Structure formats: structure tokens, C-alpha cells
Amino acid sequence: MTDITGDLSRLCIHTITTKPWPIEISIEKFASAEVGGISVWREALKGRDIKGTGVRIRDAGLDIVALVRGGFFPSSIKQNRDTAINDNKKAIKEASDLGASLLVLVCGADPDQPLEESRNQIRDGIETVLPLAMDHGVKLAVEPLHPMYADTRSAITTMKQANELAEYFNSDYVGVAVDVYHLWWDSALEDEIKRCGKKKNLYAFHICDWLSPTEDMLNDRGLMGEGCIPIKQIRDWVEKAGFKGFNEVEIFSTRFWSGDQDAFLENIVEAYINHS
Ligand code: ZN
């Protein structure tokens with residue numbers, strides 16, 4: 001074990017980051033590494049008793065930071081939009097069963113229709129599920145995605161758009177998840193983070209790095225310090241805007257998933273201490 005010392009109480013790791021591990025192993029390994037929190041992907045709960053998994057996580061001493069993910073509201077086909085609403089309602093109930101007070105929304109997009117229409121459907125979708133989210137005490141975090149995903153994954157591609165959407169609702173239950181991977185390039189980022197904090201809409205902070213060159217649009221994210229994102233700078237903006245929550249390591253990487261996960265976890269801890 002390398003000599004790594006530092007405060008890990010605000011380090012959270014997404015289950016997708018160590019995807020080869022079943023959630024039971026991730027819980028055990030994160031807890032023994034003294035990581036403070038875990039964000040749970042719905043895929044990791046497949047076939048599990050959700051309430052029981054929540055108990056297991058809390059018993060291990062980990063905070064449950066968020067359930068990931070809901071969203072994907074837009075479609076040019078009405079039936080698909082209805083299916084999405086039902087799935088988001090299911091996700092809200094799952095978050096509540098797990099004991100997660102936050103559901104991250106990857107909002108979606110449909111290349112068969114204009115982005116503006118997709119944004120309207122995202123707004124309508126959130127409006128429809130919001131009462132259920134409030135009933136269950138589950139907050140919804142809109143995560144703007146990098147514009148390279150604007151065709152199918154998210155019509156919300158900037159912090160400004162996410163702020164506008166959250167401010168439209170003006171609710172304690174709709175806010176924004178800031179992910180450095182998606183937003184680092186934006187010259188308005190500092191101002192929009194300030195605006196988000198001022199409105200009390202800053203709900204989550206995700207970290208990883210942008211590799212250059214990026215070899216895969218989805219599954220080639222880097223560990224903090226490996227790429228070109230000014231992570232410490234963005235974290236400073238987020239904290240100055242009043243954010244006191246977790247720094248969530250969310251890495252999709254075929255390269256890391258194919259390697260030894262114990263070594264990867266050590267590297268995550270080291271990178272978190274030194275490069276975020
Ligand atoms: Zn993220």
C-alpha cells in the first residue's frame with residue numbers, strides 16, 4: 001500500500017467507477033479504505049433487496065449520497081415519454097427505499113426532434129414527477145452533459161441551461177449536479193456556479209478527468225490528474241458557492257474496469273488527495 005494520508009470523509013465513489021465489483025464488495029472495500037460515501041447506480045441494485053442494501057451501506061458507515069440515475073424524458077413518441085415518466089417514478093421510489101435523498105437526472109434527448117422540444121419535454125417530465133419526489137423526500141439533480149452527448153443523452157448541455165431549469169421550478173427539490181467532465185470547457189462556468197449556489201441549487205459535485213486524446217466518447221474518462229480539467233479550480237468555485245457536500249468520483253473507463261480494482265481504488269484515493 002502506498003503511503004496515502006488525507007481526509008477522505010468527503011470522498012464519495014460511484015458504484016459504476018468500480019463496475020466489476022458487485023455492490024456488496026464495493027461497500028466493503030470503500031468502507032475499509034475509509035471513503036465517506038457511495039453513490040449507487042440502479043444497475044448495481046439489480047436483483048437486490050433495495051431496502052436491505054441501504055441498511056448494509058449505512059451499517060458499513062458509508063453515507064448514501066445519491067441514486068443514479070433517472071431522466072431520459074424526451075422522445076418524439078408519446079408512448080416513450082410515458083414509459084420514461086413511469087421509470088422516473090420507479091427511480092424515486094428506489095431512492096427512497098435505499099435511503100438516498102438525491103436522484104441524479106441525465107435528462108435525455110432525441111435526435112429526431114429539435115433540442116428545444118427535448119428541453120420542453122424535460123421540463124414537463126420533471127414537473128410530472130416532482131410531487132412524488134417531494135412526497136418521498138427525494139431531491140432531483142439535473143446534470144448538464146457535455147455537448148457531445150446532445151444527440152441522445154442530454155439536451156441540457158450547459159450550467160446556464162441547468163440553472164434556468166432549476167430556477168423555473170424554484171423548488172427545494174430541483175437542483176443541479178456539477179460534473180467537471182461535462183462542464184470544464186465553459187467560459188461561463190465560474191459565474192454559473194456562483195449563480196447556482198446563490199439560488200441554493202447546487203446539489204452535487206462529480207469529478208474525474210478529461211483524457212487527451214479521448215479514445216471513446218463514453219468509456220474513456222481519466223483519473224483526477226491524468227487529464228486537462230482544472231479540477232481544484234472548479235472545486236474551489238463550487239465550495240466558494242457554498243457547496244459542502246461530497247466530491248463524487250465517477251469514472252467510466254474500459255481501461256480501469258479491465259484492471260485490478262483494489263489497485264484502482266488505491267489510485268482513486270491517491271488522486272483524490274493530490275489532484276482534486
Ligand atoms: Zn456525473
# chains A, B, ... in the order shown; residues from 1 in each chain; ligands from 1

call {"tool": "residues_near_ligand", "arguments": {"ligand": "ligand 1", "cutoff": "7 Å", "atoms": "only C-alpha atoms and all ligand atoms", "output": "list in words"}}
result
Glu143, Asp179, His206 and Glu250 of chain A

call {"tool": "write_last_selection", "arguments": {"atoms": "C-alpha atoms", "output": "PDB file, in the first residue's frame"}}
result
ATOM      1  CA  GLU A 143     -26.865  17.027 -14.545  1.00  0.00           C
ATOM      2  CA  ASP A 179     -19.736  17.295 -13.208  1.00  0.00           C
ATOM      3  CA  HIS A 206     -18.758  14.898  -9.701  1.00  0.00           C
ATOM      4  CA  GLU A 250     -17.492   8.972 -11.283  1.00  0.00           C
TER       5      GLU A 250
END

call {"tool": "residues_around", "arguments": {"residues": "segment 118-133 of chain A", "least_positions_apart": "4", "cutoff": "8 Å", "atoms": "only C-alpha atoms", "output": "ChimeraX atom specification"}}
result
/A:71-75,85,88-89,92,107-110,113-114,137-140,155-156,165,173

call {"tool": "residues_around", "arguments": {"residues": "Ala100 of chain A", "least_positions_apart": "4", "cutoff": "8 Å", "atoms": "only C-alpha atoms", "output": "short mmCIF file (atom, residue, chain, number, x, y, z; two decimals) with C-alpha atoms, in the first residue's frame"}}
result
data_model
loop_
_atom_site.label_atom_id
_atom_site.label_comp_id
_atom_site.auth_asym_id
_atom_site.auth_seq_id
_atom_site.Cartn_x
_atom_site.Cartn_y
_atom_site.Cartn_z
CA ILE A 64 -25.57 7.20 0.61
CA VAL A 65 -25.01 10.31 -1.48
CA ALA A 66 -27.26 9.68 -4.49
CA LEU A 67 -29.10 7.17 -6.62
CA ALA A 95 -34.07 6.15 -3.97
CA SER A 96 -36.48 6.37 -1.07
CA VAL A 138 -36.02 12.75 -2.77
#

call {"tool": "atom_distance", "arguments": {"atom1": "atom CA of Gln79 of chain A", "atom2": "atom CA of Ala166 of chain A"}}
result
25.8 Å

call {"tool": "closest_residue", "arguments": {"among": "A:Glu167, A:Glu94, A:Glu24, A:Glu116", "to": "His136 of chain A", "atoms": "only C-alpha atoms"}}
result
A:Glu94

call {"tool": "atom_distance", "arguments": {"atom1": "atom CA of Asp97 of chain A", "atom2": "atom CA of Ile27 of chain A"}}
result
17.2 Å

call {"tool": "closest_residue", "arguments": {"among": "A:Ala31, A:Val106, A:Ile193, A:Leu8", "to": "Phe205 of chain A", "atoms": "only C-alpha atoms"}}
result
A:Ile193

call {"tool": "select_by_dssp", "arguments": {"residues": "segment 95-250 of chain A", "states": "helix (DSSP H, G or I)", "output": "PyMOL selection string"}}
result
chain A and resi 95-98+115-135+147-149+159-169+180-183+189-198+231-240

call {"tool": "closest_residue", "arguments": {"among": "A:Ile268, A:Asp135, A:Gly99, A:Leu183", "to": "Lys51 of chain A", "atoms": "only C-alpha atoms"}}
result
A:Gly99

call {"tool": "closest_residue", "arguments": {"among": "A:Trp237, A:Trp257, A:Tyr181, A:Tyr168", "to": "Gly197 of chain A", "atoms": "only C-alpha atoms"}}
result
A:Trp237

call {"tool": "closest_residue", "arguments": {"among": "A:Leu202, A:Leu115, A:Ala33, A:Ala263", "to": "Ser154 of chain A", "atoms": "only C-alpha atoms"}}
result
A:Leu115

call {"tool": "closest_residue", "arguments": {"among": "A:Thr5, A:Asn201, A:Ser187, A:Asn267", "to": "Gly175 of chain A", "atoms": "only C-alpha atoms"}}
result
A:Asn201

call {"tool": "residues_around", "arguments": {"residues": "Asp216 of chain A", "least_positions_apart": "4", "cutoff": "12 Å", "atoms": "only C-alpha atoms", "output": "VMD selection string"}}
result
chain A and resid 148 210 to 212 220 to 222 252 to 255

call {"tool": "residues_around", "arguments": {"residues": "Glu270 of chain A", "least_positions_apart": "3", "cutoff": "10 Å", "atoms": "only C-alpha atoms", "output": "short mmCIF file (atom, residue, chain, number, x, y, z; two decimals) with C-alpha atoms, in the first residue's frame"}}
result
data_model
loop_
_atom_site.label_atom_id
_atom_site.label_comp_id
_atom_site.auth_asym_id
_atom_site.auth_seq_id
_atom_site.Cartn_x
_atom_site.Cartn_y
_atom_site.Cartn_z
CA THR A 2 1.37 3.38 -0.93
CA ASP A 3 1.61 5.92 1.84
CA ILE A 4 -1.51 7.97 1.39
CA THR A 5 -2.89 10.09 4.16
CA GLY A 6 -5.64 12.62 3.89
CA LEU A 223 -8.49 9.61 -13.01
CA MET A 224 -8.08 13.06 -11.47
CA PHE A 264 -7.60 1.18 -8.86
CA LEU A 265 -9.24 2.06 -5.53
CA GLU A 266 -5.83 2.92 -4.08
CA ASN A 267 -5.18 5.11 -7.12
CA ILE A 273 -5.84 13.64 -2.19
CA ASN A 274 -3.30 15.01 -4.66
CA HIS A 275 -5.30 16.17 -7.65
CA SER A 276 -8.71 17.38 -6.55
#

call {"tool": "residues_around", "arguments": {"residues": "Leu45 of chain A", "least_positions_apart": "2", "cutoff": "12 Å", "atoms": "only C-alpha atoms", "output": "ChimeraX atom specification"}}
result
/A:15-16,22-24,39-43,47-54,67-69,91,94-95,97-98

call {"tool": "residues_around", "arguments": {"residues": "Val35 of chain A", "least_positions_apart": "2", "cutoff": "9 Å", "atoms": "only C-alpha atoms", "output": "PyMOL selection string"}}
result
chain A and resi 7-13+29-33+37-38+62+269

call {"tool": "write_last_selection", "arguments": {"atoms": "C-alpha atoms", "output": "mmCIF file, in the first residue's frame"}}
result
data_model
loop_
_atom_site.group_PDB
_atom_site.id
_atom_site.type_symbol
_atom_site.label_atom_id
_atom_site.label_comp_id
_atom_site.auth_asym_id
_atom_site.auth_seq_id
_atom_site.Cartn_x
_atom_site.Cartn_y
_atom_site.Cartn_z
ATOM 1 C CA ASP A 7 -9.212 13.322 4.858
ATOM 2 C CA LEU A 8 -11.496 11.027 2.890
ATOM 3 C CA SER A 9 -14.678 11.913 4.764
ATOM 4 C CA ARG A 10 -15.964 13.909 1.777
ATOM 5 C CA LEU A 11 -14.837 11.423 -0.836
ATOM 6 C CA CYS A 12 -17.675 9.514 -2.445
ATOM 7 C CA ILE A 13 -17.293 6.882 -5.150
ATOM 8 C CA LYS A 29 -13.861 -2.068 0.091
ATOM 9 C CA PHE A 30 -14.911 1.601 0.184
ATOM 10 C CA ALA A 31 -15.619 1.376 3.895
ATOM 11 C CA SER A 32 -12.309 -0.255 4.709
ATOM 12 C CA ALA A 33 -10.493 2.417 2.663
ATOM 13 C CA GLY A 37 -19.794 7.988 0.784
ATOM 14 C CA ILE A 38 -21.184 5.946 -2.061
ATOM 15 C CA LEU A 62 -20.943 4.970 4.411
ATOM 16 C CA VAL A 269 -7.696 7.715 -3.092
#

call {"tool": "select_by_dssp", "arguments": {"residues": "segment 112-155 of chain A", "states": "strand (DSSP E or B)", "output": "PyMOL selection string"}}
result
chain A and resi 139-142+154

call {"tool": "decode", "arguments": {"residues": "segment 118-210 of chain A", "atoms": "C-alpha atoms", "output": "PDB file, in the first residue's frame"}}
result
ATOM      1  CA  SER A 118     -36.466  17.959 -25.882  1.00  0.00           C
ATOM      2  CA  ARG A 119     -35.853  20.674 -23.291  1.00  0.00           C
ATOM      3  CA  ASN A 120     -39.587  21.353 -23.082  1.00  0.00           C
ATOM      4  CA  GLN A 121     -40.239  17.653 -22.547  1.00  0.00           C
ATOM      5  CA  ILE A 122     -37.562  17.508 -19.837  1.00  0.00           C
ATOM      6  CA  ARG A 123     -39.257  20.391 -18.040  1.00  0.00           C
ATOM      7  CA  ASP A 124     -42.675  18.718 -18.392  1.00  0.00           C
ATOM      8  CA  GLY A 125     -41.254  15.391 -17.233  1.00  0.00           C
ATOM      9  CA  ILE A 126     -39.730  16.871 -14.091  1.00  0.00           C
ATOM     10  CA  GLU A 127     -42.959  18.749 -13.420  1.00  0.00           C
ATOM     11  CA  THR A 128     -44.900  15.475 -13.597  1.00  0.00           C
ATOM     12  CA  VAL A 129     -42.674  13.510 -11.188  1.00  0.00           C
ATOM     13  CA  LEU A 130     -41.858  16.340  -8.788  1.00  0.00           C
ATOM     14  CA  PRO A 131     -44.854  15.814  -6.446  1.00  0.00           C
ATOM     15  CA  LEU A 132     -43.860  12.159  -5.953  1.00  0.00           C
ATOM     16  CA  ALA A 133     -40.240  13.174  -5.329  1.00  0.00           C
ATOM     17  CA  MET A 134     -41.408  15.663  -2.698  1.00  0.00           C
ATOM     18  CA  ASP A 135     -43.649  13.049  -1.050  1.00  0.00           C
ATOM     19  CA  HIS A 136     -40.665  10.708  -0.778  1.00  0.00           C
ATOM     20  CA  GLY A 137     -38.160  13.345   0.327  1.00  0.00           C
ATOM     21  CA  VAL A 138     -36.025  12.750  -2.765  1.00  0.00           C
ATOM     22  CA  LYS A 139     -34.382  15.762  -4.399  1.00  0.00           C
ATOM     23  CA  LEU A 140     -33.778  15.797  -8.157  1.00  0.00           C
ATOM     24  CA  ALA A 141     -30.428  16.948  -9.544  1.00  0.00           C
ATOM     25  CA  VAL A 142     -30.294  17.944 -13.198  1.00  0.00           C
ATOM     26  CA  GLU A 143     -26.865  17.027 -14.545  1.00  0.00           C
ATOM     27  CA  PRO A 144     -25.827  19.012 -17.625  1.00  0.00           C
ATOM     28  CA  LEU A 145     -23.852  16.796 -20.006  1.00  0.00           C
ATOM     29  CA  HIS A 146     -21.045  17.652 -22.413  1.00  0.00           C
ATOM     30  CA  PRO A 147     -22.482  18.815 -25.780  1.00  0.00           C
ATOM     31  CA  MET A 148     -21.019  15.736 -27.492  1.00  0.00           C
ATOM     32  CA  TYR A 149     -23.960  13.888 -25.921  1.00  0.00           C
ATOM     33  CA  ALA A 150     -26.634  16.314 -27.115  1.00  0.00           C
ATOM     34  CA  ASP A 151     -27.973  13.870 -29.693  1.00  0.00           C
ATOM     35  CA  THR A 152     -29.300  11.204 -27.358  1.00  0.00           C
ATOM     36  CA  ARG A 153     -28.230  11.723 -23.761  1.00  0.00           C
ATOM     37  CA  SER A 154     -28.928  15.289 -22.770  1.00  0.00           C
ATOM     38  CA  ALA A 155     -30.438  18.378 -24.330  1.00  0.00           C
ATOM     39  CA  ILE A 156     -29.171  20.172 -21.220  1.00  0.00           C
ATOM     40  CA  THR A 157     -25.526  20.821 -22.039  1.00  0.00           C
ATOM     41  CA  THR A 158     -24.517  23.876 -20.044  1.00  0.00           C
ATOM     42  CA  MET A 159     -24.633  25.026 -16.469  1.00  0.00           C
ATOM     43  CA  LYS A 160     -26.679  28.007 -17.657  1.00  0.00           C
ATOM     44  CA  GLN A 161     -29.412  25.753 -19.057  1.00  0.00           C
ATOM     45  CA  ALA A 162     -29.431  23.655 -15.891  1.00  0.00           C
ATOM     46  CA  ASN A 163     -29.669  26.793 -13.758  1.00  0.00           C
ATOM     47  CA  GLU A 164     -32.561  28.095 -15.847  1.00  0.00           C
ATOM     48  CA  LEU A 165     -34.391  24.811 -15.471  1.00  0.00           C
ATOM     49  CA  ALA A 166     -33.859  24.649 -11.710  1.00  0.00           C
ATOM     50  CA  GLU A 167     -34.883  28.288 -11.337  1.00  0.00           C
ATOM     51  CA  TYR A 168     -38.048  27.656 -13.349  1.00  0.00           C
ATOM     52  CA  PHE A 169     -39.144  25.238 -10.629  1.00  0.00           C
ATOM     53  CA  ASN A 170     -37.865  27.378  -7.769  1.00  0.00           C
ATOM     54  CA  SER A 171     -38.225  24.326  -5.528  1.00  0.00           C
ATOM     55  CA  ASP A 172     -36.166  22.865  -2.703  1.00  0.00           C
ATOM     56  CA  TYR A 173     -36.410  19.624  -4.645  1.00  0.00           C
ATOM     57  CA  VAL A 174     -34.914  20.578  -8.026  1.00  0.00           C
ATOM     58  CA  GLY A 175     -31.249  21.498  -8.327  1.00  0.00           C
ATOM     59  CA  VAL A 176     -28.098  20.842 -10.326  1.00  0.00           C
ATOM     60  CA  ALA A 177     -25.298  18.263 -10.327  1.00  0.00           C
ATOM     61  CA  VAL A 178     -21.991  19.792 -11.444  1.00  0.00           C
ATOM     62  CA  ASP A 179     -19.736  17.295 -13.208  1.00  0.00           C
ATOM     63  CA  VAL A 180     -16.306  18.626 -14.171  1.00  0.00           C
ATOM     64  CA  TYR A 181     -16.119  16.228 -17.125  1.00  0.00           C
ATOM     65  CA  HIS A 182     -19.134  17.825 -18.775  1.00  0.00           C
ATOM     66  CA  LEU A 183     -18.586  21.464 -17.901  1.00  0.00           C
ATOM     67  CA  TRP A 184     -14.870  22.296 -17.658  1.00  0.00           C
ATOM     68  CA  TRP A 185     -14.685  23.891 -21.123  1.00  0.00           C
ATOM     69  CA  ASP A 186     -17.362  26.525 -20.473  1.00  0.00           C
ATOM     70  CA  SER A 187     -16.074  30.107 -20.040  1.00  0.00           C
ATOM     71  CA  ALA A 188     -19.259  30.972 -18.121  1.00  0.00           C
ATOM     72  CA  LEU A 189     -18.761  28.157 -15.624  1.00  0.00           C
ATOM     73  CA  GLU A 190     -17.491  30.175 -12.682  1.00  0.00           C
ATOM     74  CA  ASP A 191     -20.348  32.694 -12.926  1.00  0.00           C
ATOM     75  CA  GLU A 192     -22.967  29.977 -13.415  1.00  0.00           C
ATOM     76  CA  ILE A 193     -21.674  28.033 -10.396  1.00  0.00           C
ATOM     77  CA  LYS A 194     -21.947  31.232  -8.339  1.00  0.00           C
ATOM     78  CA  ARG A 195     -25.487  31.743  -9.587  1.00  0.00           C
ATOM     79  CA  CYS A 196     -26.358  28.138  -8.748  1.00  0.00           C
ATOM     80  CA  GLY A 197     -25.027  28.483  -5.221  1.00  0.00           C
ATOM     81  CA  LYS A 198     -26.809  31.762  -4.657  1.00  0.00           C
ATOM     82  CA  LYS A 199     -30.139  30.123  -5.545  1.00  0.00           C
ATOM     83  CA  LYS A 200     -29.307  27.139  -3.282  1.00  0.00           C
ATOM     84  CA  ASN A 201     -29.491  24.823  -6.271  1.00  0.00           C
ATOM     85  CA  LEU A 202     -26.035  23.243  -6.058  1.00  0.00           C
ATOM     86  CA  TYR A 203     -26.781  19.650  -5.092  1.00  0.00           C
ATOM     87  CA  ALA A 204     -23.833  17.519  -6.228  1.00  0.00           C
ATOM     88  CA  PHE A 205     -20.253  17.627  -7.476  1.00  0.00           C
ATOM     89  CA  HIS A 206     -18.758  14.898  -9.701  1.00  0.00           C
ATOM     90  CA  ILE A 207     -15.064  14.553 -10.502  1.00  0.00           C
ATOM     91  CA  CYS A 208     -12.819  12.686 -12.943  1.00  0.00           C
ATOM     92  CA  ASP A 209     -10.545  13.915 -15.751  1.00  0.00           C
ATOM     93  CA  TRP A 210     -10.614  14.532 -19.497  1.00  0.00           C
TER      94      TRP A 210
END
